[in-house]
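Dumped my_file_2.txt below, it's compact mmCIF, C-alpha atoms:
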# COMPACT_ATOMS: atom_id res chain seq x y z
CA MET A 15 -45.06 5.93 -170.25
CA LEU A 16 -42.82 7.36 -172.94
CA LEU A 17 -45.48 7.69 -175.60
CA ASP A 18 -49.29 7.81 -175.54
CA THR A 19 -49.86 5.62 -178.59
CA VAL A 20 -53.62 6.23 -178.69
CA ALA A 21 -53.24 10.00 -178.55
CA ALA A 22 -50.53 9.81 -181.22
CA LEU A 23 -52.82 8.19 -183.77
CA SER A 24 -55.49 10.85 -183.33
CA LEU A 25 -53.06 13.76 -183.29
CA ARG A 26 -53.89 16.43 -185.82
CA ILE A 27 -50.82 17.88 -187.50
CA GLU A 28 -51.45 21.21 -189.18
CA PRO A 29 -50.67 21.15 -192.91
CA VAL A 30 -47.89 23.47 -194.01
CA THR A 31 -47.25 25.12 -197.34
CA VAL A 32 -43.73 25.91 -198.47
CA ASP A 33 -42.60 27.92 -201.47
CA VAL A 34 -39.56 26.19 -202.95
CA ASP A 35 -37.14 28.66 -204.45
CA ARG A 36 -33.95 28.42 -206.48
CA SER A 37 -31.59 29.45 -203.71
CA MET A 38 -32.98 26.76 -201.38
CA LEU A 39 -32.34 24.10 -204.00
CA ARG A 40 -28.88 25.39 -204.91
CA ASN A 41 -27.82 25.50 -201.25
CA PHE A 42 -29.12 22.00 -200.66
CA ALA A 43 -27.39 20.62 -203.75
CA ALA A 44 -24.11 22.28 -202.76
CA ALA A 45 -24.34 20.91 -199.21
CA ILE A 46 -24.62 17.32 -200.49
CA GLY A 47 -21.75 17.78 -202.94
CA GLU A 48 -23.87 17.84 -206.11
CA THR A 49 -22.24 19.45 -209.11
CA ARG A 50 -24.65 18.71 -211.95
CA GLU A 51 -26.11 21.78 -213.57
CA VAL A 52 -29.73 20.63 -213.39
CA TYR A 53 -29.54 21.23 -209.61
CA PHE A 54 -28.07 24.72 -209.95
CA ASP A 55 -28.88 26.43 -213.22
CA HIS A 56 -32.40 26.99 -214.47
CA GLU A 57 -31.36 27.31 -218.12
CA SER A 58 -29.63 23.95 -218.00
CA ALA A 59 -32.70 22.52 -216.29
CA HIS A 60 -34.93 23.92 -219.05
CA ARG A 61 -32.69 22.40 -221.71
CA GLY A 62 -33.03 19.07 -219.92
CA GLY A 63 -36.81 19.26 -220.12
CA HIS A 64 -37.39 20.37 -216.53
CA ARG A 65 -39.62 23.27 -215.48
CA ASP A 66 -36.84 24.86 -213.43
CA ILE A 67 -33.97 23.89 -211.12
CA VAL A 68 -34.78 20.39 -209.86
CA ALA A 69 -34.91 19.45 -206.19
CA ALA A 70 -32.55 16.61 -205.31
CA PRO A 71 -34.82 13.73 -204.20
CA THR A 72 -34.17 13.95 -200.47
CA PHE A 73 -34.89 17.68 -200.47
CA LEU A 74 -38.47 16.54 -199.87
CA PHE A 75 -37.50 15.87 -196.27
CA SER A 76 -36.43 19.48 -195.93
CA VAL A 77 -39.59 20.95 -197.43
CA GLU A 78 -41.55 20.58 -194.24
CA LEU A 79 -38.52 21.44 -192.12
CA HIS A 80 -38.79 24.93 -193.58
CA ALA A 81 -42.11 25.34 -191.75
CA PRO A 82 -42.26 26.53 -188.13
CA ARG A 83 -41.95 23.86 -185.38
CA PRO A 84 -41.11 21.10 -187.86
CA LEU A 85 -40.97 18.42 -185.16
CA GLY A 86 -43.73 20.02 -183.10
CA TYR A 87 -45.88 16.91 -183.48
CA LEU A 88 -43.32 14.94 -181.47
CA GLU A 89 -43.21 17.58 -178.76
CA ASP A 90 -47.02 17.59 -178.71
CA LEU A 91 -46.78 13.89 -177.88
CA GLY A 92 -44.53 14.71 -174.96
CA ILE A 93 -41.37 13.43 -176.60
CA ASP A 94 -38.07 15.04 -175.60
CA LEU A 95 -36.42 15.94 -178.91
CA ARG A 96 -32.96 15.43 -177.37
CA GLY A 97 -33.68 11.71 -177.30
CA VAL A 98 -34.98 11.18 -180.82
CA LEU A 99 -33.26 9.29 -183.60
CA HIS A 100 -34.23 9.00 -187.23
CA GLY A 101 -34.82 5.30 -187.74
CA GLU A 102 -36.12 4.92 -191.29
CA GLN A 103 -37.09 7.09 -194.22
CA THR A 104 -39.16 6.26 -197.29
CA PHE A 105 -40.00 8.35 -200.35
CA THR A 106 -42.18 7.69 -203.35
CA HIS A 107 -41.71 10.08 -206.25
CA ILE A 108 -44.56 10.74 -208.67
CA ASP A 109 -43.33 14.00 -210.21
CA ASP A 110 -40.31 16.24 -209.78
CA VAL A 111 -40.30 19.15 -207.38
CA CYS A 112 -38.75 22.24 -208.97
CA ALA A 113 -37.93 25.80 -207.99
CA GLY A 114 -41.09 27.88 -208.08
CA ASP A 115 -43.29 25.08 -206.76
CA ARG A 116 -45.65 25.76 -203.88
CA ILE A 117 -45.77 22.47 -201.98
CA GLU A 118 -48.41 21.65 -199.41
CA CYS A 119 -47.41 19.00 -196.86
CA ARG A 120 -50.36 17.06 -195.41
CA ARG A 121 -49.24 14.92 -192.53
CA HIS A 122 -50.58 12.31 -190.17
CA ILE A 123 -49.25 9.75 -187.73
CA ALA A 124 -49.36 6.39 -189.53
CA SER A 125 -48.31 4.30 -186.54
CA ALA A 126 -47.18 4.71 -182.97
CA THR A 127 -45.88 1.90 -180.81
CA GLU A 128 -43.81 1.45 -177.68
CA LYS A 129 -41.35 -1.37 -177.25
CA SER A 130 -38.42 -2.02 -174.93
CA GLY A 131 -38.89 1.37 -173.32
CA MET A 132 -38.62 3.23 -176.61
CA GLY A 133 -41.27 4.94 -178.70
CA PHE A 134 -41.62 4.39 -182.45
CA VAL A 135 -43.59 6.99 -184.39
CA VAL A 136 -44.18 6.87 -188.16
CA LYS A 137 -45.30 10.14 -189.73
CA HIS A 138 -46.69 10.04 -193.26
CA THR A 139 -46.51 13.11 -195.50
CA ASP A 140 -48.33 13.75 -198.76
CA PHE A 141 -46.56 16.41 -200.84
CA ILE A 142 -49.12 18.19 -202.98
CA ARG A 143 -48.66 20.76 -205.75
CA GLU A 144 -51.72 22.49 -207.19
CA GLY A 145 -53.97 19.78 -205.85
CA ARG A 146 -51.91 16.90 -207.25
CA LEU A 147 -49.85 14.44 -205.27
CA VAL A 148 -46.21 14.71 -206.35
CA ALA A 149 -44.53 12.59 -203.68
CA THR A 150 -45.02 10.88 -200.34
CA GLY A 151 -42.68 10.47 -197.41
CA ARG A 152 -42.60 8.28 -194.33
CA MET A 153 -40.36 9.01 -191.39
CA LEU A 154 -39.80 6.63 -188.50
CA THR A 155 -38.67 8.44 -185.37
CA ILE A 156 -37.30 6.46 -182.46
CA ALA A 157 -37.76 8.20 -179.10
CA ARG A 158 -35.35 7.19 -176.35
CA PRO A 159 -35.84 8.22 -172.76
CA ILE A 160 -33.38 10.92 -171.71
CA ALA A 161 -31.67 10.45 -168.38
CA VAL A 162 -32.20 13.43 -166.07
CA ALA A 163 -28.79 14.85 -165.21
CA MET B 26 -20.04 -14.87 -210.51
CA THR B 27 -23.49 -16.41 -210.74
CA ARG B 28 -25.21 -16.42 -214.08
CA PRO B 29 -27.73 -13.59 -214.36
CA ARG B 30 -31.29 -14.85 -214.13
CA ARG B 31 -32.87 -12.02 -216.03
CA GLN B 32 -31.77 -9.08 -218.07
CA ASN B 33 -33.26 -5.81 -219.20
CA ARG B 34 -31.66 -5.53 -222.61
CA ALA B 35 -32.50 -1.91 -223.29
CA ALA B 36 -30.65 -0.72 -220.23
CA GLU B 37 -28.09 -3.56 -220.15
CA VAL B 38 -28.98 -4.22 -216.57
CA TYR B 39 -28.87 -7.67 -215.01
CA VAL B 40 -29.85 -9.07 -211.68
CA GLY B 41 -26.52 -8.69 -209.92
CA THR B 42 -25.50 -5.51 -211.74
CA LYS B 43 -23.59 -3.31 -209.32
CA LEU B 44 -23.52 0.44 -209.71
CA ALA B 45 -20.09 2.06 -209.59
CA PRO B 46 -19.89 3.06 -205.91
CA LEU B 47 -19.87 6.71 -204.85
CA THR B 48 -17.21 7.39 -202.22
CA LEU B 49 -17.29 10.72 -200.43
CA GLU B 50 -14.60 12.77 -198.76
CA PRO B 51 -14.51 12.42 -194.97
CA ILE B 52 -17.41 14.29 -193.34
CA SER B 53 -16.18 17.36 -191.47
CA ARG B 54 -17.95 19.52 -188.91
CA THR B 55 -18.22 22.12 -191.66
CA THR B 56 -20.07 19.58 -193.84
CA LEU B 57 -22.56 19.11 -191.00
CA ALA B 58 -23.00 22.84 -190.38
CA LEU B 59 -23.62 23.51 -194.06
CA PHE B 60 -26.00 20.58 -194.38
CA ALA B 61 -27.89 21.68 -191.26
CA GLY B 62 -28.42 25.11 -192.77
CA ALA B 63 -29.22 23.96 -196.28
CA SER B 64 -31.55 21.16 -195.24
CA ALA B 65 -33.22 23.21 -192.47
CA ASP B 66 -32.47 20.35 -190.08
CA TYR B 67 -31.37 22.34 -187.07
CA ASN B 68 -31.29 19.44 -184.61
CA PRO B 69 -28.36 20.58 -182.44
CA VAL B 70 -27.16 17.02 -181.85
CA HIS B 71 -25.48 17.27 -185.28
CA ILE B 72 -23.77 20.61 -184.78
CA ASP B 73 -23.35 21.27 -181.04
CA ILE B 74 -21.10 18.91 -179.09
CA ASP B 75 -22.60 20.04 -175.77
CA VAL B 76 -26.07 18.94 -176.82
CA ALA B 77 -24.66 15.74 -178.31
CA ARG B 78 -23.11 14.89 -174.93
CA GLN B 79 -26.33 15.72 -173.08
CA SER B 80 -28.06 13.30 -175.41
CA GLY B 81 -25.64 10.52 -174.54
CA PHE B 82 -23.23 10.73 -177.49
CA ASP B 83 -19.49 11.35 -177.36
CA ASP B 84 -19.57 13.84 -180.20
CA VAL B 85 -21.80 15.26 -182.90
CA PHE B 86 -22.60 12.86 -185.72
CA ALA B 87 -23.83 13.20 -189.29
CA HIS B 88 -27.47 13.59 -190.21
CA GLY B 89 -28.90 10.32 -191.50
CA MET B 90 -30.45 12.35 -194.29
CA LEU B 91 -26.97 13.39 -195.45
CA SER B 92 -26.13 9.75 -196.13
CA MET B 93 -29.49 9.25 -197.83
CA ALA B 94 -28.78 12.32 -199.97
CA TYR B 95 -25.45 10.77 -201.01
CA LEU B 96 -27.33 7.60 -201.99
CA GLY B 97 -29.66 9.82 -204.00
CA ARG B 98 -26.63 11.15 -205.86
CA LEU B 99 -25.60 7.57 -206.66
CA LEU B 100 -29.05 6.71 -208.03
CA THR B 101 -29.66 9.93 -209.97
CA GLY B 102 -26.14 9.69 -211.36
CA TRP B 103 -26.99 6.27 -212.77
CA LEU B 104 -30.41 7.01 -214.24
CA PRO B 105 -32.19 10.27 -215.04
CA HIS B 106 -33.68 11.97 -212.05
CA ALA B 107 -37.32 11.16 -212.79
CA ARG B 108 -36.74 7.39 -212.96
CA LEU B 109 -36.46 7.00 -209.19
CA CYS B 110 -39.88 5.69 -208.13
CA SER B 111 -39.57 4.80 -204.48
CA TRP B 112 -36.90 4.05 -201.93
CA ARG B 113 -36.65 3.20 -198.31
CA VAL B 114 -33.66 3.31 -196.02
CA ARG B 115 -32.92 2.26 -192.48
CA PHE B 116 -30.40 4.23 -190.47
CA VAL B 117 -28.49 1.37 -188.86
CA THR B 118 -26.02 3.32 -186.79
CA THR B 119 -24.69 6.85 -186.50
CA THR B 120 -22.07 8.24 -188.89
CA PRO B 121 -19.22 9.88 -186.98
CA VAL B 122 -17.29 13.00 -187.96
CA GLY B 123 -14.38 11.88 -190.15
CA ALA B 124 -16.29 9.02 -191.74
CA ALA B 125 -15.97 8.75 -195.53
CA PRO B 126 -19.25 7.20 -196.68
CA LYS B 127 -19.21 4.79 -199.59
CA CYS B 128 -22.59 4.39 -201.28
CA SER B 129 -23.32 1.21 -203.18
CA ALA B 130 -26.27 -0.38 -204.92
CA VAL B 131 -26.89 -3.73 -206.60
CA VAL B 132 -29.80 -4.83 -208.77
CA THR B 133 -31.72 -7.62 -207.03
CA ASP B 134 -34.78 -7.97 -209.25
CA LEU B 135 -36.07 -6.98 -212.67
CA ASP B 136 -39.75 -6.80 -213.58
CA GLY B 137 -40.25 -5.41 -217.07
CA SER B 138 -38.64 -1.99 -217.00
CA LEU B 139 -38.72 -1.80 -213.20
CA ALA B 140 -35.58 -2.69 -211.29
CA THR B 141 -35.24 -3.24 -207.56
CA LEU B 142 -31.92 -2.47 -205.91
CA ASP B 143 -30.40 -3.10 -202.53
CA LEU B 144 -28.72 0.02 -201.15
CA ALA B 145 -25.97 0.40 -198.56
CA VAL B 146 -23.68 3.02 -197.10
CA GLN B 147 -20.48 1.96 -195.38
CA THR B 148 -17.74 3.93 -193.71
CA GLN B 149 -14.05 3.31 -194.42
CA ASP B 150 -13.72 0.87 -191.50
CA GLY B 151 -16.44 -1.31 -193.02
CA THR B 152 -19.26 -0.27 -190.69
CA THR B 153 -22.63 -0.34 -192.43
CA THR B 154 -24.46 2.84 -191.47
CA LEU B 155 -27.44 2.60 -193.77
CA THR B 156 -29.28 -0.12 -195.67
CA GLY B 157 -32.24 0.14 -197.99
CA THR B 158 -34.03 -0.72 -201.20
CA ALA B 159 -35.05 1.30 -204.24
CA THR B 160 -37.35 0.79 -207.20
CA VAL B 161 -36.36 2.53 -210.42
CA GLU B 162 -37.77 2.75 -213.92
CA LEU B 163 -35.09 1.72 -216.40
CA GLU B 164 -36.79 3.21 -219.44
CA GLY B 165 -38.83 6.35 -219.92
CA ALA B 166 -38.47 9.92 -218.87
CA PRO B 167 -35.21 11.72 -219.70
Turn the structure described in the file into structure tokens.
Amino acid sequence: MLLDTVAALSLRIEPVTVDVDRSMLRNFAAAIGETREVYFDHESAHRGGHRDIVAAPTFLFSVELHAPRPLGYLEDLGIDLRGVLHGEQTFTHIDDVCAGDRIECRRHIASATEKSGMGFVVKHTDFIREGRLVATGRMLTIARPIAVA
Amino acid sequence: MTRPRRQNRAAEVYVGTKLAPLTLEPISRTTLALFAGASADYNPVHIDIDVARQSGFDDVFAHGMLSMAYLGRLLTGWLPHARLCSWRVRFVTTTPVGAAPKCSAVVTDLDGSLATLDLAVQTQDGTTTLTGTATVELEGAP
């Protein structure tokens, strides 16, 4: 069996807290080819009504990647990370994430199924700042069996 | 062209309105290395050809989240950042090194000030690598 779907649903994933800083956001914006000042310069961001440099929307995905063992929950389910593919990604945005934010990521497995010899795991993340939900994310990972060389 | 069914007058958006596409330069290995570092996605299948081959691929390929980030640029370039409410994408196939993604979006529904869009990313040979939908607020926050 590639994936224990019952164990997956009861898996506890430790919450992680990440301090988002300006250099993280600037590096991310540069790496995706952004040029607009709101993603680089805090004074421009302030003038635009933002608290600080704004995180590009998909930076949310990287917030929890900054924590140790970001895909540890998959390994804990016995999945070989060499065989995983990112199948789908969803975000809902309630409020901006800006430099200076301390974001807590609370995560759980929303679904786990096996079909055609592949595992499908959906992890849900609540992104919380000072006790308030600012965004949610859902990641579908597809686990393929890896042939033993 | 079909006659628009509905229109949001304030934003001059119709069902069928297409955003001006965002076409990127071809993705290089450097692009992938920089994105791996900046996004903290260190999955070696995107930056190490040996691991890519062990995983059954001919070569490294782009992070799906890089294409989604490009789509984010398209959407936040159209409307202010805070107007993006929710979006969902499906990574249809891998994006090879050398691909030049073209991000596109078309309005498929209007409900008051909310608009729904279909999203797509295609490479220069016409391969669709990503599909999705987004809901945006046409009026409101700057």
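Using only C-alpha atoms, the smallest distance between any of A:Ser125, A:Thr31, A:Thr155, A:Thr19 and chain B comes from A:Thr155.
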Q.
I'd like to know which of A:Leu88, A:Ile67, A:Val135, A:Val32 is closest to A:Asp110, using all atoms listed in the file.
A.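 Result for the nearest residue to A:Asp110: A:Ile67.
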Q. B:Leu57: which residues within 10 Å, counting all atoms listed in the file, same-chain residues fewer than 5 positions away excluded, as a list of chain:residue names?
A. A:Ala45, A:Ile46, B:Ile52, B:Gly62, B:Ala63, B:His71, B:Ile72, B:Val85, B:Phe86, B:Ala87, B:His88, B:Leu91, B:Val122
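Distances here use all atoms listed in the file; by that measure, the residue among B:Trp103, B:Tyr39, B:Phe82, B:Phe60 closest to chain A is B:Phe60.
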Q: Output the contact residues of chain A with respect to chain B at a cut-off of 8 Å, based on all atoms listed in the file, as a list in words.
A: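 Output check: Met38, Asn41, Phe42, Ala45, Ile46, Glu48, Gly62, Gly63, Ala70, Pro71, Thr72, Phe73, Ser76, Leu79, His80, Arg96, Gly97, His100, Gly101, Glu102, Gln103, Thr104, Phe105, Thr106, His107, Ile108, Asp109, Asp110 and Ile160 of chain A.
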Q. So which one's closest to A:Leu23, A:Ala69, A:Leu91, A:Leu99, A:Ala113? Using all atoms listed in the file, please.
A.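 Smallest distance to A:Leu23 is found for A:Leu91.
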Q.
What's around A:Val30 at 9 Å? Count only C-alpha atoms, leave out sequence neighbours fewer than 6 positions away in its own chain, and write the answer as a VMD selection string.
A. chain A and resid 78 81 to 82 117 to 121
Q: Report the distance between atom CA of B:Leu99 and atom CA of B:Leu47 in Å, rounded to one decimal place.
A: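 A separation of 6.1 Å between them.
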Q. Which of these, B:Val161, B:Asp143, B:Ala124, B:Thr153, has the shortest distance to B:Pro51 once you count only C-alpha atoms?
A. B:Ala124
Q) Hey, can you check how far atom CA of A:Val68 sits from atom CA of A:Cys112? A)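 It comes out at 4.5 Å.
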Q. Which value, in Å to one decimal, gives the distance between atom CA of A:Phe54 and atom CA of A:Asp115?
A.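 The value is 15.6 Å.
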